[in-house]
file my_file-v4.txt (compact mmCIF, C-alpha atoms and all ligand atoms)
# COMPACT_ATOMS: atom_id res chain seq x y z
CA MET A 1 -27.74 2.14 3.55
CA GLU A 2 -25.14 4.07 5.48
CA ASN A 3 -22.59 6.10 3.64
CA TRP A 4 -19.48 3.93 3.22
CA PHE A 5 -17.08 6.61 4.17
CA PRO A 6 -18.58 9.80 5.56
CA GLY A 7 -17.15 13.29 5.19
CA LEU A 8 -14.49 14.38 2.75
CA MET A 9 -16.31 13.56 -0.51
CA VAL A 10 -17.70 16.93 -1.58
CA LYS A 11 -14.55 18.71 -0.51
CA THR A 12 -12.30 16.19 -2.26
CA LYS A 13 -14.25 16.42 -5.50
CA ARG A 14 -14.13 20.21 -5.52
CA GLN A 15 -10.43 20.18 -4.65
CA ILE A 16 -9.53 17.68 -7.38
CA LYS A 17 -11.40 19.66 -10.01
CA GLU A 18 -9.51 22.77 -8.92
CA ASP A 19 -6.07 21.12 -8.71
CA ILE A 20 -6.41 19.28 -11.98
CA LYS A 21 -5.90 22.58 -13.80
CA LEU A 22 -2.26 22.51 -12.66
CA ILE A 23 -1.63 18.90 -13.59
CA ASP A 24 0.46 17.48 -16.45
CA LEU A 25 -0.37 13.84 -15.78
CA LEU A 26 -3.15 12.11 -13.88
CA LEU A 27 -2.61 8.61 -12.52
CA ILE A 28 -5.95 6.93 -11.84
CA LEU A 29 -5.59 3.89 -9.62
CA ARG A 30 -7.93 0.93 -9.52
CA ASP A 31 -7.54 -2.35 -7.64
CA ALA A 32 -6.65 -5.18 -10.04
CA ARG A 33 -8.97 -7.61 -8.20
CA VAL A 34 -12.00 -5.37 -8.70
CA PRO A 35 -11.07 -2.99 -11.53
CA GLY A 36 -14.70 -2.21 -12.35
CA ALA A 37 -16.00 -1.60 -8.85
CA SER A 38 -12.91 0.46 -7.96
CA ASN A 39 -13.19 2.71 -11.01
CA PRO A 40 -13.43 6.17 -9.41
CA PRO A 41 -16.37 8.39 -10.36
CA PHE A 42 -16.02 11.64 -12.33
CA MET A 43 -12.29 11.22 -13.06
CA LYS A 44 -12.30 9.87 -16.57
CA ASP A 45 -12.84 13.00 -18.62
CA LEU A 46 -11.11 15.57 -16.44
CA LEU A 47 -8.02 15.55 -18.65
CA PRO A 48 -7.40 14.48 -22.26
CA VAL A 49 -6.52 10.79 -22.70
CA GLU A 50 -2.83 11.44 -23.31
CA LYS A 51 -2.60 13.08 -19.88
CA THR A 52 -4.19 10.16 -18.05
CA LEU A 53 -2.79 6.75 -17.16
CA THR A 54 -4.69 3.94 -15.46
CA ILE A 55 -2.91 1.87 -12.83
CA LEU A 56 -4.16 -1.51 -11.68
CA SER A 57 -2.69 -1.89 -8.20
CA ARG A 58 -2.38 -5.13 -6.18
CA SER A 59 -1.72 -7.17 -9.31
CA ASP A 60 0.10 -9.56 -6.95
CA LEU A 61 -3.32 -10.59 -5.57
CA ALA A 62 -5.18 -10.66 -8.90
CA ALA A 63 -5.47 -13.43 -11.50
CA PRO A 64 -2.67 -12.79 -14.05
CA ASP A 65 -4.76 -13.86 -17.07
CA LEU A 66 -7.60 -11.51 -16.14
CA THR A 67 -5.17 -8.68 -15.42
CA GLU A 68 -3.85 -9.13 -18.96
CA LYS A 69 -7.40 -9.05 -20.26
CA TRP A 70 -8.17 -5.87 -18.35
CA LEU A 71 -4.98 -4.22 -19.62
CA THR A 72 -5.75 -5.17 -23.21
CA THR A 73 -9.31 -3.92 -22.93
CA LEU A 74 -8.38 -0.64 -21.25
CA ASN A 75 -5.61 0.01 -23.76
CA SER A 76 -7.96 -0.73 -26.64
CA LYS A 77 -10.33 1.93 -25.26
CA ASN A 78 -7.55 4.51 -25.27
CA MET A 79 -6.96 4.23 -21.53
CA LYS A 80 -3.28 3.44 -21.31
CA ALA A 81 -2.93 1.06 -18.40
CA PHE A 82 -0.24 -0.57 -16.24
CA ALA A 83 -0.52 -3.38 -13.69
CA LEU A 84 1.62 -3.03 -10.59
CA ASP A 85 2.59 -4.73 -7.40
CA ILE A 86 3.53 -1.42 -5.84
CA PRO A 87 5.26 -2.46 -2.58
CA GLU A 88 7.45 -4.89 -4.54
CA GLY A 89 8.03 -2.41 -7.36
CA LYS A 90 6.85 -4.96 -9.93
CA GLY A 91 5.77 -3.37 -13.21
CA LEU A 92 7.02 0.04 -12.12
CA GLN A 93 9.74 0.50 -14.75
CA PRO A 94 7.52 0.75 -17.86
CA LEU A 95 5.40 3.30 -16.00
CA VAL A 96 8.46 5.32 -14.97
CA GLN A 97 9.69 5.33 -18.58
CA ASP A 98 6.32 6.53 -19.82
CA ILE A 99 6.23 9.31 -17.23
CA LYS A 100 9.77 10.41 -18.15
CA LYS A 101 8.83 10.49 -21.82
CA LYS A 102 5.83 12.67 -21.08
CA ALA A 103 7.94 14.97 -18.89
CA ARG A 104 10.53 15.39 -21.67
CA ALA A 105 7.76 16.31 -24.11
CA MET A 106 6.37 18.88 -21.66
CA HIS A 107 9.81 20.47 -21.15
CA LYS A 108 10.46 20.55 -24.90
CA ASP A 109 7.12 22.16 -25.56
CA ARG A 110 7.69 24.84 -22.92
CA GLN A 111 11.15 25.53 -24.29
CA GLU A 112 9.82 25.91 -27.82
CA ARG A 113 7.20 28.33 -26.58
CA GLY A 114 9.84 30.34 -24.74
CA LYS A 115 8.49 29.45 -21.31
CA GLY A 116 10.68 28.85 -18.26
CA THR A 117 11.27 25.41 -16.79
CA ARG A 118 9.09 24.01 -14.07
CA ASP A 119 8.40 20.65 -12.43
CA PHE A 120 6.35 18.01 -14.23
CA ARG A 121 3.24 17.72 -12.08
CA ILE A 122 1.56 14.39 -11.43
CA MET A 123 -1.67 13.81 -9.54
CA VAL A 124 -2.48 10.43 -8.00
CA ALA A 125 -6.20 9.76 -7.65
CA GLY A 126 -8.61 6.91 -6.98
CA ILE A 127 -11.07 5.57 -4.46
CA PRO A 128 -9.86 5.07 -0.84
CA ASN A 129 -7.21 2.48 0.00
CA VAL A 130 -6.17 1.48 -3.53
CA GLY A 131 -2.49 2.32 -3.02
CA LYS A 132 -2.27 5.95 -4.15
CA SER A 133 0.11 7.08 -1.43
CA THR A 134 2.21 3.91 -1.75
CA LEU A 135 2.58 4.57 -5.49
CA LEU A 136 3.47 8.20 -4.87
CA ASN A 137 6.22 7.18 -2.48
CA ALA A 138 7.52 4.55 -4.92
CA LEU A 139 7.64 7.00 -7.84
CA SER A 140 9.14 9.87 -5.87
CA ARG A 141 11.50 7.47 -4.08
CA LYS A 142 10.63 9.20 -0.85
CA ARG A 143 8.56 8.21 2.11
CA GLY A 144 6.90 11.57 1.70
CA VAL A 145 3.31 10.61 2.46
CA LYS A 146 1.60 8.37 4.96
CA THR A 147 0.23 5.01 3.81
CA GLY A 148 -1.92 2.48 5.65
CA ASN A 149 -4.22 -0.43 5.07
CA GLN A 150 -7.46 1.35 5.89
CA PRO A 151 -9.53 3.78 3.87
CA GLY A 152 -9.08 7.44 4.74
CA THR A 153 -5.34 7.36 5.49
CA THR A 154 -4.76 10.46 3.36
CA ARG A 155 -7.03 13.18 4.71
CA GLY A 156 -6.02 16.19 2.63
CA LYS A 157 -4.05 16.90 -0.50
CA GLN A 158 -0.28 16.87 -0.23
CA TRP A 159 2.45 17.83 -2.67
CA VAL A 160 5.77 16.00 -2.73
CA HIS A 161 8.59 17.61 -4.69
CA THR A 162 11.68 15.73 -5.86
CA GLN A 163 15.08 17.04 -6.86
CA HIS A 164 14.64 15.58 -10.32
CA GLY A 165 11.99 17.96 -11.61
CA PHE A 166 8.87 16.07 -10.58
CA SER A 167 6.08 17.13 -8.24
CA TYR A 168 3.51 14.64 -7.05
CA LEU A 169 0.11 15.47 -5.63
CA ASP A 170 -1.43 12.91 -3.29
CA THR A 171 -5.19 13.11 -2.87
CA PRO A 172 -7.65 11.54 -0.42
CA GLY A 173 -9.73 8.65 -1.77
CA ILE A 174 -12.77 9.60 -3.81
CA LEU A 175 -15.99 8.04 -2.65
CA LEU A 176 -18.20 5.98 -4.85
CA PRO A 177 -21.95 6.51 -4.71
CA SER A 178 -23.17 4.33 -1.84
CA HIS A 179 -26.32 3.08 -3.57
CA ASP A 180 -24.57 0.47 -5.72
CA ARG A 181 -24.74 -2.54 -3.43
CA GLU A 182 -22.92 -5.01 -5.66
CA LYS A 183 -19.95 -2.71 -6.12
CA GLY A 184 -19.95 -2.17 -2.37
CA LEU A 185 -19.80 -5.89 -1.72
CA LEU A 186 -16.94 -6.32 -4.19
CA LEU A 187 -14.97 -3.49 -2.60
CA SER A 188 -15.64 -4.91 0.81
CA ALA A 189 -14.43 -8.33 -0.40
CA ALA A 190 -11.20 -6.70 -1.54
CA GLY A 191 -10.83 -4.92 1.84
CA ILE A 192 -11.12 -1.51 0.25
CA ILE A 193 -14.04 -0.24 2.31
CA GLN A 194 -14.09 -0.50 6.05
CA GLU A 195 -15.54 -3.37 8.05
CA GLY A 196 -19.02 -3.22 9.44
CA ILE A 197 -20.80 -1.66 6.47
CA PHE A 198 -21.90 -4.92 4.89
CA ASP A 199 -22.95 -8.20 6.41
CA LYS A 200 -19.98 -10.59 6.40
CA VAL A 201 -21.97 -13.53 5.13
CA GLU A 202 -23.18 -11.44 2.23
CA VAL A 203 -19.61 -10.43 1.38
CA ALA A 204 -18.49 -14.07 1.62
CA TRP A 205 -21.41 -15.04 -0.63
CA GLU A 206 -20.27 -12.48 -3.22
CA ILE A 207 -16.72 -13.87 -3.15
CA LEU A 208 -17.77 -17.52 -3.29
CA SER A 209 -20.41 -17.05 -5.96
CA ARG A 210 -17.70 -15.71 -8.25
CA ILE A 211 -14.60 -17.71 -7.40
CA SER A 212 -16.35 -21.06 -7.04
CA ILE A 213 -17.26 -20.85 -10.72
CA MET A 214 -13.89 -19.46 -11.84
CA ALA A 215 -11.64 -22.04 -10.24
CA PRO A 216 -13.42 -24.72 -8.18
CA GLU A 217 -10.45 -27.11 -8.12
CA ARG A 218 -8.08 -24.45 -6.85
CA ILE A 219 -10.43 -23.57 -4.00
CA GLU A 220 -10.97 -27.21 -3.12
CA LYS A 221 -7.25 -27.65 -2.89
CA ARG A 222 -6.59 -24.54 -0.83
CA LEU A 223 -9.58 -24.67 1.49
CA LYS A 224 -9.66 -28.47 1.62
CA ILE A 225 -13.43 -28.65 1.18
CA LYS A 226 -15.71 -29.84 -1.59
CA VAL A 227 -16.81 -27.00 -3.85
CA ALA A 228 -17.99 -28.35 -7.20
CA GLY A 229 -21.76 -28.31 -7.63
CA LYS A 230 -22.34 -26.50 -4.32
CA GLU A 231 -24.11 -23.21 -3.66
CA PRO A 232 -22.03 -20.43 -2.03
CA LEU A 233 -23.73 -20.83 1.35
CA GLU A 234 -23.16 -24.58 1.31
CA ILE A 235 -19.47 -23.97 0.62
CA LEU A 236 -19.34 -21.48 3.47
CA SER A 237 -21.04 -23.96 5.76
CA SER A 238 -18.52 -26.68 4.81
CA LEU A 239 -15.70 -24.25 5.50
CA GLY A 240 -17.21 -23.48 8.91
CA GLU A 241 -17.43 -27.19 9.64
CA SER A 242 -13.86 -27.89 8.61
CA ARG A 243 -12.54 -24.97 10.67
CA GLY A 244 -14.61 -25.76 13.74
CA CYS A 245 -16.87 -22.69 13.60
CA TYR A 246 -19.78 -23.80 15.74
CA ALA A 247 -22.38 -21.73 17.52
CA GLN A 248 -24.03 -22.74 20.80
CA GLY A 249 -26.34 -25.61 19.99
CA GLY A 250 -23.92 -27.08 17.50
CA GLU A 251 -24.95 -25.20 14.37
CA ILE A 252 -22.35 -23.76 12.04
CA ASN A 253 -21.46 -20.18 12.93
CA MET A 254 -21.72 -18.66 9.48
CA ASP A 255 -20.39 -15.29 10.63
CA SER A 256 -17.15 -16.88 11.84
CA ALA A 257 -16.84 -18.94 8.66
CA ALA A 258 -17.36 -15.76 6.61
CA THR A 259 -14.71 -13.93 8.65
CA ILE A 260 -12.18 -16.68 7.88
CA LEU A 261 -13.04 -16.79 4.21
CA ILE A 262 -12.85 -13.00 3.75
CA LYS A 263 -9.56 -12.77 5.62
CA GLU A 264 -7.93 -15.55 3.58
CA PHE A 265 -9.30 -14.19 0.34
CA ARG A 266 -7.94 -10.68 1.01
CA ALA A 267 -4.52 -12.01 1.95
CA GLY A 268 -4.38 -14.02 -1.29
CA LYS A 269 -4.30 -17.32 0.64
CA ILE A 270 -7.00 -18.86 -1.55
CA GLY A 271 -4.99 -17.83 -4.58
CA GLN A 272 -4.89 -14.92 -7.01
CA PHE A 273 -8.39 -13.91 -8.01
CA THR A 274 -10.00 -11.14 -10.01
CA LEU A 275 -13.68 -10.81 -9.20
CA GLU A 276 -14.74 -8.89 -12.31
CA THR A 277 -14.26 -9.24 -16.02
CA PRO A 278 -13.79 -6.19 -18.27
CA GLU A 279 -17.34 -6.62 -19.61
CA GLU A 280 -18.65 -5.48 -16.22
CA ASP A 281 -16.87 -2.13 -16.31
CA ASP A 282 -19.29 0.84 -16.50
CA CYS A 283 -16.62 2.99 -17.97
CA LEU A 284 -15.97 0.58 -20.83
CA ALA A 285 -19.60 -0.12 -21.50
CA GLN A 286 -20.25 3.52 -22.41
N1 LIG B 1 -0.47 -6.43 -1.94
C1 LIG B 1 -0.40 -5.14 -2.31
N2 LIG B 1 -0.64 -4.18 -1.40
C2 LIG B 1 -0.58 -2.89 -1.80
C3 LIG B 1 -0.29 -2.53 -3.14
N3 LIG B 1 -0.30 -1.18 -3.23
C4 LIG B 1 -0.60 -0.73 -2.00
N4 LIG B 1 -0.76 -1.74 -1.13
C5 LIG B 1 -1.13 -1.66 0.30
O1 LIG B 1 -2.42 -1.11 0.36
C6 LIG B 1 -2.58 -0.34 1.56
C7 LIG B 1 -3.17 1.01 1.21
O2 LIG B 1 -2.18 1.79 0.59
P1 LIG B 1 -2.22 3.40 0.56
O3 LIG B 1 -1.15 3.81 -0.38
O4 LIG B 1 -2.21 3.98 1.93
O5 LIG B 1 -3.65 3.63 -0.12
P2 LIG B 1 -4.34 5.03 -0.50
O6 LIG B 1 -4.99 4.82 -1.82
O7 LIG B 1 -3.36 6.15 -0.41
O8 LIG B 1 -5.45 5.13 0.62
P3 LIG B 1 -6.22 6.44 1.21
O9 LIG B 1 -5.22 7.49 1.50
O10 LIG B 1 -6.86 5.90 2.43
O11 LIG B 1 -7.22 6.83 0.18
C8 LIG B 1 -1.20 -0.28 2.21
O12 LIG B 1 -1.20 -1.24 3.25
C9 LIG B 1 -0.26 -0.69 1.09
O13 LIG B 1 0.90 -1.34 1.54
C10 LIG B 1 -0.02 -3.59 -4.09
O14 LIG B 1 0.25 -3.38 -5.27
N5 LIG B 1 -0.09 -4.86 -3.60
MG MG B 2 -3.39 7.80 0.74

call {"tool": "encode", "arguments": {"input": "my_file-v4.txt", "output": "structure tokens"}}
result
Amino acid sequence: MENWFPGLMVKTKRQIKEDIKLIDLLLILRDARVPGASNPPFMKDLLPVEKTLTILSRSDLAAPDLTEKWLTTLNSKNMKAFALDIPEGKGLQPLVQDIKKKARAMHKDRQERGKGTRDFRIMVAGIPNVGKSTLLNALSRKRGVKTGNQPGTTRGKQWVHTQHGFSYLDTPGILLPSHDREKGLLLSAAGIIQEGIFDKVEVAWEILSRISIMAPERIEKRLKIKVAGKEPLEILSSLGESRGCYAQGGEINMDSAATILIKEFRAGKIGQFTLETPEEDDCLAQ
């Protein structure tokens, strides 16, 4: 299989390991719809647990009950976690309070050890397109770094300094190993990795195989097609039929049906869904 996101990886990894030495707090972002698949590699043990916070971004698109479950599980494993809708600033306050508390402790400690004052340094890390730069801008209250809804928006590290004693380090997305096909499909479903890597019908299958079991009635209502008791490809075919996706010769154009399904899923039009349960998380299974 092709690499999902060529370039950058080796350099980014080396750079993060170097920069982490300067860091007081690491914010590891994951996408709340796919918190397992979006768990970045090699980040977990770079700093002690008290210097690491986990952020579940896009909680606005995820199932609230499963987000709660993920938070509870992560917290119980000593990974303090927060769920955020970053553009709307939802959930930001408890995180800000926690950061301020940690900064006060750092300043106090330096003072007691007779060291001069310096900024509290925060690194934002995660796989591509999970909202790192958006979070950095929200926390620093600046539009200091570029954001965008495609992976690879941030190409190199960038510091943002505030007047309030905080420095933020934005980092480019860390790649996941490209051999894990299921994770790839989940990330593609969530729109985290770029188009064209996976077959659309396969991505649609991955979405439908999960959500049709989780909430068949909700999907029936939103998509206005029969779901219960049907296989994912049958559901996709019904969707194609109801949306007029026909190929020459009158068959259902499954590619077009998949395109519609993926688009509506990503935009949250089918409802709020989380595709993975905490039991599927590699990091927690260890
Ligand atoms: N719905 C929703 N969208 C979000 C959230 N956080 C970020 N986004 C959007 O996700 C897209 C990606 O955000 P970025 O902050 O550029 O992501 P990044 O992790 O810095 O991406 P790279 O620099 O490419 O690694 C943007 O379009 C954001 O507006 C969120 O909590 N909810
Ligand atoms: Mg970025």

call {"tool": "residues_around", "arguments": {"input": "my_file-v4.txt", "residues": "Gln150 in chain A", "least_positions_apart": "2", "cutoff": "7 Å", "atoms": "all atoms listed in the file", "output": "list in words"}}
result
Asn129, Gly148, Gly152, Thr153 and Gln194 of chain A

call {"tool": "closest_atom_pairs", "arguments": {"input": "my_file-v4.txt", "of": "chain A", "to": "ligand LIG 1 (chain B)", "cutoff": "7 Å", "atoms": "only C-alpha atoms and all ligand atoms", "output": "Markdown table"}}
result
| residue | atom | partner | partner_atom | distance |
| --- | --- | --- | --- | --- |
| A:Ser57 | CA | B:LIG1 | O14 | 4.4 |
| A:Arg58 | CA | B:LIG1 | O14 | 3.3 |
| A:Ser59 | CA | B:LIG1 | O14 | 5.9 |
| A:Asp60 | CA | B:LIG1 | N5 | 5.8 |
| A:Leu61 | CA | B:LIG1 | N1 | 6.2 |
| A:Leu84 | CA | B:LIG1 | O14 | 5.5 |
| A:Asp85 | CA | B:LIG1 | O14 | 3.4 |
| A:Ile86 | CA | B:LIG1 | O14 | 3.9 |
| A:Pro87 | CA | B:LIG1 | C3 | 5.6 |
| A:Gly126 | CA | B:LIG1 | O6 | 6.6 |
| A:Ile127 | CA | B:LIG1 | O11 | 6.2 |
| A:Pro128 | CA | B:LIG1 | O11 | 3.3 |
| A:Asn129 | CA | B:LIG1 | O8 | 3.2 |
| A:Val130 | CA | B:LIG1 | O6 | 3.9 |
| A:Gly131 | CA | B:LIG1 | O3 | 3.3 |
| A:Lys132 | CA | B:LIG1 | O6 | 3.8 |
| A:Ser133 | CA | B:LIG1 | O3 | 3.7 |
| A:Thr134 | CA | B:LIG1 | O3 | 3.6 |
| A:Leu135 | CA | B:LIG1 | O3 | 6.4 |
| A:Lys146 | CA | B:LIG1 | O4 | 6.6 |
| A:Thr147 | CA | B:LIG1 | O4 | 3.2 |
| A:Gly148 | CA | B:LIG1 | O4 | 4.0 |
| A:Asn149 | CA | B:LIG1 | O12 | 3.6 |
| A:Gln150 | CA | B:LIG1 | O10 | 5.7 |
| A:Pro151 | CA | B:LIG1 | O10 | 3.7 |
| A:Gly152 | CA | B:LIG1 | O10 | 3.6 |
| A:Thr153 | CA | B:LIG1 | O10 | 3.7 |
| A:Thr154 | CA | B:LIG1 | O9 | 3.5 |
| A:Arg155 | CA | B:LIG1 | O9 | 6.8 |
| A:Pro172 | CA | B:LIG1 | O11 | 4.8 |
| A:Gly173 | CA | B:LIG1 | O11 | 3.7 |

call {"tool": "closest_residue", "arguments": {"input": "my_file-v4.txt", "among": "A:Leu236, A:Leu261, A:Leu187, A:Leu275", "to": "Ile213 in chain A", "atoms": "only C-alpha atoms"}}
result
A:Leu275

call {"tool": "closest_residue", "arguments": {"input": "my_file-v4.txt", "among": "A:Ile99, A:Leu92, A:Leu56, A:Leu136", "to": "ligand MG 2 (chain B)", "atoms": "all atoms listed in the file"}}
result
A:Leu136

call {"tool": "atom_distance", "arguments": {"input": "my_file-v4.txt", "atom1": "CA of Val203 in chain A", "atom2": "CA of Ala189 in chain A"}}
result
5.9 Å

call {"tool": "residues_around", "arguments": {"input": "my_file-v4.txt", "residues": "Pro216 in chain A", "least_positions_apart": "3", "cutoff": "7 Å", "atoms": "all atoms listed in the file", "output": "PDB file with C-alpha atoms, in the frame of the given file"}}
result
ATOM      1  CA  SER A 212     -16.350 -21.060  -7.040  1.00  0.00           C
ATOM      2  CA  ILE A 213     -17.260 -20.850 -10.720  1.00  0.00           C
ATOM      3  CA  ILE A 219     -10.430 -23.570  -4.000  1.00  0.00           C
ATOM      4  CA  GLU A 220     -10.970 -27.210  -3.120  1.00  0.00           C
ATOM      5  CA  VAL A 227     -16.810 -27.000  -3.850  1.00  0.00           C
ATOM      6  CA  ALA A 228     -17.990 -28.350  -7.200  1.00  0.00           C
TER       7      ALA A 228
END

call {"tool": "atom_distance", "arguments": {"input": "my_file-v4.txt", "atom1": "CA of Gln15 in chain A", "atom2": "CA of Met123 in chain A"}}
result
11.9 Å

call {"tool": "closest_residue", "arguments": {"input": "my_file-v4.txt", "among": "A:Leu175, A:Met254, A:Ala247, A:Ile211", "to": "Asp199 in chain A", "atoms": "all atoms listed in the file"}}
result
A:Met254

call {"tool": "closest_residue", "arguments": {"input": "my_file-v4.txt", "among": "A:Gly165, A:Pro94, A:Gly144, A:Gly114", "to": "ligand MG 2 (chain B)", "atoms": "all atoms listed in the file"}}
result
A:Gly144

call {"tool": "closest_residue", "arguments": {"input": "my_file-v4.txt", "among": "A:Asn78, A:Gln111, A:Thr72, A:Ser188", "to": "Ser38 in chain A", "atoms": "all atoms listed in the file"}}
result
A:Ser188

call {"tool": "build_atoms", "arguments": {"input": "my_file-v4.txt", "residues": "range 73-92 of chain A", "atoms": "N, CA and C atoms", "output": "PDB file, in the coordinates of the input"}}
result
ATOM      1  N   THR A  73      -8.046  -4.620 -22.698  1.00  0.00           N
ATOM      2  CA  THR A  73      -9.310  -3.920 -22.930  1.00  0.00           C
ATOM      3  C   THR A  73      -9.164  -2.418 -22.670  1.00  0.00           C
ATOM      4  N   LEU A  74      -8.552  -2.069 -21.561  1.00  0.00           N
ATOM      5  CA  LEU A  74      -8.380  -0.640 -21.250  1.00  0.00           C
ATOM      6  C   LEU A  74      -7.556   0.044 -22.337  1.00  0.00           C
ATOM      7  N   ASN A  75      -6.457  -0.593 -22.724  1.00  0.00           N
ATOM      8  CA  ASN A  75      -5.610   0.010 -23.760  1.00  0.00           C
ATOM      9  C   ASN A  75      -6.375   0.180 -25.075  1.00  0.00           C
ATOM     10  N   SER A  76      -7.205  -0.809 -25.379  1.00  0.00           N
ATOM     11  CA  SER A  76      -7.960  -0.730 -26.640  1.00  0.00           C
ATOM     12  C   SER A  76      -8.998   0.389 -26.600  1.00  0.00           C
ATOM     13  N   LYS A  77      -9.357   0.821 -25.387  1.00  0.00           N
ATOM     14  CA  LYS A  77     -10.330   1.930 -25.260  1.00  0.00           C
ATOM     15  C   LYS A  77      -9.594   3.253 -25.038  1.00  0.00           C
ATOM     16  N   ASN A  78      -8.319   3.277 -25.409  1.00  0.00           N
ATOM     17  CA  ASN A  78      -7.550   4.510 -25.270  1.00  0.00           C
ATOM     18  C   ASN A  78      -7.286   4.927 -23.830  1.00  0.00           C
ATOM     19  N   MET A  79      -7.326   3.947 -22.922  1.00  0.00           N
ATOM     20  CA  MET A  79      -6.960   4.230 -21.530  1.00  0.00           C
ATOM     21  C   MET A  79      -5.680   3.467 -21.267  1.00  0.00           C
ATOM     22  N   LYS A  80      -4.565   4.123 -21.464  1.00  0.00           N
ATOM     23  CA  LYS A  80      -3.280   3.440 -21.310  1.00  0.00           C
ATOM     24  C   LYS A  80      -3.147   2.938 -19.873  1.00  0.00           C
ATOM     25  N   ALA A  81      -2.870   1.645 -19.741  1.00  0.00           N
ATOM     26  CA  ALA A  81      -2.930   1.060 -18.400  1.00  0.00           C
ATOM     27  C   ALA A  81      -1.695   0.220 -18.062  1.00  0.00           C
ATOM     28  N   PHE A  82      -1.373   0.191 -16.771  1.00  0.00           N
ATOM     29  CA  PHE A  82      -0.240  -0.570 -16.240  1.00  0.00           C
ATOM     30  C   PHE A  82      -0.706  -1.362 -15.033  1.00  0.00           C
ATOM     31  N   ALA A  83      -0.207  -2.588 -14.891  1.00  0.00           N
ATOM     32  CA  ALA A  83      -0.520  -3.380 -13.690  1.00  0.00           C
ATOM     33  C   ALA A  83       0.697  -3.384 -12.791  1.00  0.00           C
ATOM     34  N   LEU A  84       0.490  -3.125 -11.512  1.00  0.00           N
ATOM     35  CA  LEU A  84       1.620  -3.030 -10.590  1.00  0.00           C
ATOM     36  C   LEU A  84       1.424  -3.809  -9.304  1.00  0.00           C
ATOM     37  N   ASP A  85       2.533  -4.323  -8.797  1.00  0.00           N
ATOM     38  CA  ASP A  85       2.590  -4.730  -7.400  1.00  0.00           C
ATOM     39  C   ASP A  85       3.451  -3.635  -6.775  1.00  0.00           C
ATOM     40  N   ILE A  86       2.800  -2.651  -6.202  1.00  0.00           N
ATOM     41  CA  ILE A  86       3.530  -1.420  -5.840  1.00  0.00           C
ATOM     42  C   ILE A  86       4.582  -1.639  -4.749  1.00  0.00           C
ATOM     43  N   PRO A  87       4.229  -2.301  -3.617  1.00  0.00           N
ATOM     44  CA  PRO A  87       5.260  -2.460  -2.580  1.00  0.00           C
ATOM     45  C   PRO A  87       6.497  -3.205  -3.080  1.00  0.00           C
ATOM     46  N   GLU A  88       6.305  -4.130  -4.012  1.00  0.00           N
ATOM     47  CA  GLU A  88       7.450  -4.890  -4.540  1.00  0.00           C
ATOM     48  C   GLU A  88       8.092  -4.198  -5.741  1.00  0.00           C
ATOM     49  N   GLY A  89       7.487  -3.139  -6.204  1.00  0.00           N
ATOM     50  CA  GLY A  89       8.030  -2.410  -7.360  1.00  0.00           C
ATOM     51  C   GLY A  89       7.859  -3.157  -8.676  1.00  0.00           C
ATOM     52  N   LYS A  90       7.022  -4.178  -8.688  1.00  0.00           N
ATOM     53  CA  LYS A  90       6.850  -4.960  -9.930  1.00  0.00           C
ATOM     54  C   LYS A  90       5.990  -4.193 -10.934  1.00  0.00           C
ATOM     55  N   GLY A  91       6.511  -4.074 -12.151  1.00  0.00           N
ATOM     56  CA  GLY A  91       5.770  -3.370 -13.210  1.00  0.00           C
ATOM     57  C   GLY A  91       6.011  -1.878 -13.207  1.00  0.00           C
ATOM     58  N   LEU A  92       6.827  -1.407 -12.272  1.00  0.00           N
ATOM     59  CA  LEU A  92       7.020   0.040 -12.120  1.00  0.00           C
ATOM     60  C   LEU A  92       7.834   0.664 -13.261  1.00  0.00           C
TER      61      LEU A  92
END
